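Student: Got a structure for you, questions after.
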Amino acid sequence: MKLHLESISSWSTSGAEKTNNTDGMQKKSSVWPKLEFVPAMQRRRLSPFAKIALYTAENALSAASTLAETSVSEAPELEMSELEISKQLAQIDIVFSSRHGDLHKTSTLLTDLAAEQDISPTAFSTSVHNAVPGLYSILKQNKQAINAISAGKDSFFYAFVDAYARLKSGRANKLLIVHVDRELPELYSQFQDEQQVDHAVAMVVTLTPTPATIANIDINFSTFSGADNGDKQGVQQDTAELNLPAALCFINWFDTNLGLTPKIVSKSTLQYTSDRHIWTCDLISGSMNV
């Protein structure tokens, strides 16, 4: 699957990722991102899960908007205002993925149900898996299609599969991918099978290169039998031995290969193994303008 990235943005409490926003390096902090584009009343109601997802989504689209405005300034005959450009770019299909969804909110709801207490209709409506991309589409007045995906450890990479299928079908020529996950609530920490890091990643992808393309990636996968890990089945691993989530593996790989060496592409391959698949990513060509 060959995809072309026009922008990429990430946020993580690990502080290891860069974004294409002027904020630069994200510092490890318990302070969640500020969302200036969200009305104050709605902003106060957002969970941390929603905040980091909306933050990266807006950054990814803003980068594309900046490039479009530059193109228009070089071609005044187009006579498009910044607002018109922003509205046009906001009309983009969205693929949203998350392994656990907003589990902190869901956990609270389940605890209330177990205690036979009434649950908040608002809390329930904002806890469903497609709530965050739905909210973002309302904020951006985006009427295009949204898919919400959850596929265990493969959730992040299955977002690429869905995006590629949508682009290949001709239903869209550009897509916004958003992936977000938080560390498990304390109640569920005993079930962790990977490192627990609050993180979100968003990117704008196309099927063919454009003047705004910053990198070209080739993603492939094969079935993983799990035979090599047979001795570990049913045995809880030590936290220090757990692997990073797929999205963070991708961001660290992407940053290492492109972020620190503009316009120079490394040929190293990312390989991520889940319980079901072996995913590989290669950089074909491209440049980094972030």
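All residue names refer to the structure tokens as shown: chains lettered A, B, ... in order, residues numbered from 1 in each chain, ligands numbered from 1 in order.
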Which residues of region 127-169 of chain A have any atom within 12 Å of an atom in region 190-201 of chain A when counting only C-alpha atoms, and what is the closest pair of atoms for each, with the distance in Å to one decimal? Order the rows by chain and rising number and write it as a tab-separated table.
Tutor:
residue	atom	partner	partner_atom	distance
A:Gly152	CA	A:Asp193	CA	10.6
A:Lys153	CA	A:Glu194	CA	8.8
A:Phe156	CA	A:Val201	CA	9.2
A:Phe157	CA	A:Val201	CA	11.8
A:Ala159	CA	A:Val201	CA	11.4
Student: Might you pull out every residue within 12 Å of Gly170 (chain A), with only C-alpha atoms counted and same-chain residues fewer than 6 positions away left off, and present them as a PyMOL selection string?
Tutor: chain A and resi 93+163-164+206-208
Student: Keeping only all heavy atoms, write the selected residues to a file as a PDB file, in the first residue's frame.
Tutor:
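Result went into out-v5.pdb, see below:
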ATOM      1  N   ASP A  93     -12.702  13.380   4.167  1.00  0.00           N
ATOM      2  CA  ASP A  93     -13.080  12.123   4.823  1.00  0.00           C
ATOM      3  C   ASP A  93     -12.137  11.863   5.996  1.00  0.00           C
ATOM      4  O   ASP A  93     -10.950  12.206   5.933  1.00  0.00           O
ATOM      5  CB  ASP A  93     -12.996  10.959   3.842  1.00  0.00           C
ATOM      6  CG  ASP A  93     -14.146  10.962   2.847  1.00  0.00           C
ATOM      7  OD1 ASP A  93     -14.635  12.054   2.506  1.00  0.00           O
ATOM      8  OD2 ASP A  93     -14.537   9.875   2.396  1.00  0.00           O
ATOM      9  N   ALA A 163      -7.964   3.625   4.916  1.00  0.00           N
ATOM     10  CA  ALA A 163      -7.709   4.835   4.126  1.00  0.00           C
ATOM     11  C   ALA A 163      -7.324   4.476   2.694  1.00  0.00           C
ATOM     12  O   ALA A 163      -7.811   5.084   1.729  1.00  0.00           O
ATOM     13  CB  ALA A 163      -6.614   5.659   4.788  1.00  0.00           C
ATOM     14  N   TYR A 164      -6.460   3.481   2.555  1.00  0.00           N
ATOM     15  CA  TYR A 164      -6.019   3.075   1.221  1.00  0.00           C
ATOM     16  C   TYR A 164      -7.202   2.554   0.396  1.00  0.00           C
ATOM     17  O   TYR A 164      -7.344   2.893  -0.786  1.00  0.00           O
ATOM     18  CB  TYR A 164      -4.953   1.991   1.343  1.00  0.00           C
ATOM     19  CG  TYR A 164      -4.421   1.496   0.009  1.00  0.00           C
ATOM     20  CD1 TYR A 164      -3.451   2.223  -0.676  1.00  0.00           C
ATOM     21  CD2 TYR A 164      -4.888   0.308  -0.554  1.00  0.00           C
ATOM     22  CE1 TYR A 164      -2.967   1.780  -1.901  1.00  0.00           C
ATOM     23  CE2 TYR A 164      -4.408  -0.143  -1.770  1.00  0.00           C
ATOM     24  CZ  TYR A 164      -3.448   0.596  -2.450  1.00  0.00           C
ATOM     25  OH  TYR A 164      -2.979   0.149  -3.656  1.00  0.00           O
ATOM     26  N   THR A 206      -2.787  10.954   0.762  1.00  0.00           N
ATOM     27  CA  THR A 206      -3.349  10.873  -0.580  1.00  0.00           C
ATOM     28  C   THR A 206      -2.818   9.612  -1.252  1.00  0.00           C
ATOM     29  O   THR A 206      -1.852   8.999  -0.778  1.00  0.00           O
ATOM     30  CB  THR A 206      -2.962  12.096  -1.434  1.00  0.00           C
ATOM     31  OG1 THR A 206      -1.531  12.123  -1.578  1.00  0.00           O
ATOM     32  CG2 THR A 206      -3.427  13.393  -0.782  1.00  0.00           C
ATOM     33  N   LEU A 207      -3.434   9.248  -2.374  1.00  0.00           N
ATOM     34  CA  LEU A 207      -2.997   8.067  -3.107  1.00  0.00           C
ATOM     35  C   LEU A 207      -1.920   8.416  -4.133  1.00  0.00           C
ATOM     36  O   LEU A 207      -1.107   7.569  -4.509  1.00  0.00           O
ATOM     37  CB  LEU A 207      -4.191   7.414  -3.816  1.00  0.00           C
ATOM     38  CG  LEU A 207      -4.014   5.985  -4.322  1.00  0.00           C
ATOM     39  CD1 LEU A 207      -3.702   5.035  -3.171  1.00  0.00           C
ATOM     40  CD2 LEU A 207      -5.262   5.525  -5.068  1.00  0.00           C
ATOM     41  N   THR A 208      -1.900   9.666  -4.586  1.00  0.00           N
ATOM     42  CA  THR A 208      -0.914  10.119  -5.562  1.00  0.00           C
ATOM     43  C   THR A 208      -0.166  11.323  -4.996  1.00  0.00           C
ATOM     44  O   THR A 208      -0.720  12.088  -4.202  1.00  0.00           O
ATOM     45  CB  THR A 208      -1.578  10.513  -6.893  1.00  0.00           C
ATOM     46  OG1 THR A 208      -2.576  11.519  -6.639  1.00  0.00           O
ATOM     47  CG2 THR A 208      -2.253   9.302  -7.534  1.00  0.00           C
TER      48      THR A 208
END
Student: Point out the residue among A:Leu5, A:Ala115, A:Val38, A:Ala165 with the least atom-to-atom distance to Ala63 (chain A), counting only C-alpha atoms.
Tutor: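 The answer is A:Leu5, which sits nearest to Ala63 (chain A).
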Student: Rounded to one decimal in Å, what is the spacing between CA of Phe221 (chain A) and CA of Leu175 (chain A)?
Tutor: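 Distance between the two atoms: 20.9 Å.
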Student: Write out as a PyMOL selection string which residues come within 7 Å of Ile284 (chain A) when counting only C-alpha atoms, dropping same-chain ones fewer than 2 positions away.
Tutor: chain A and resi 216-218+282
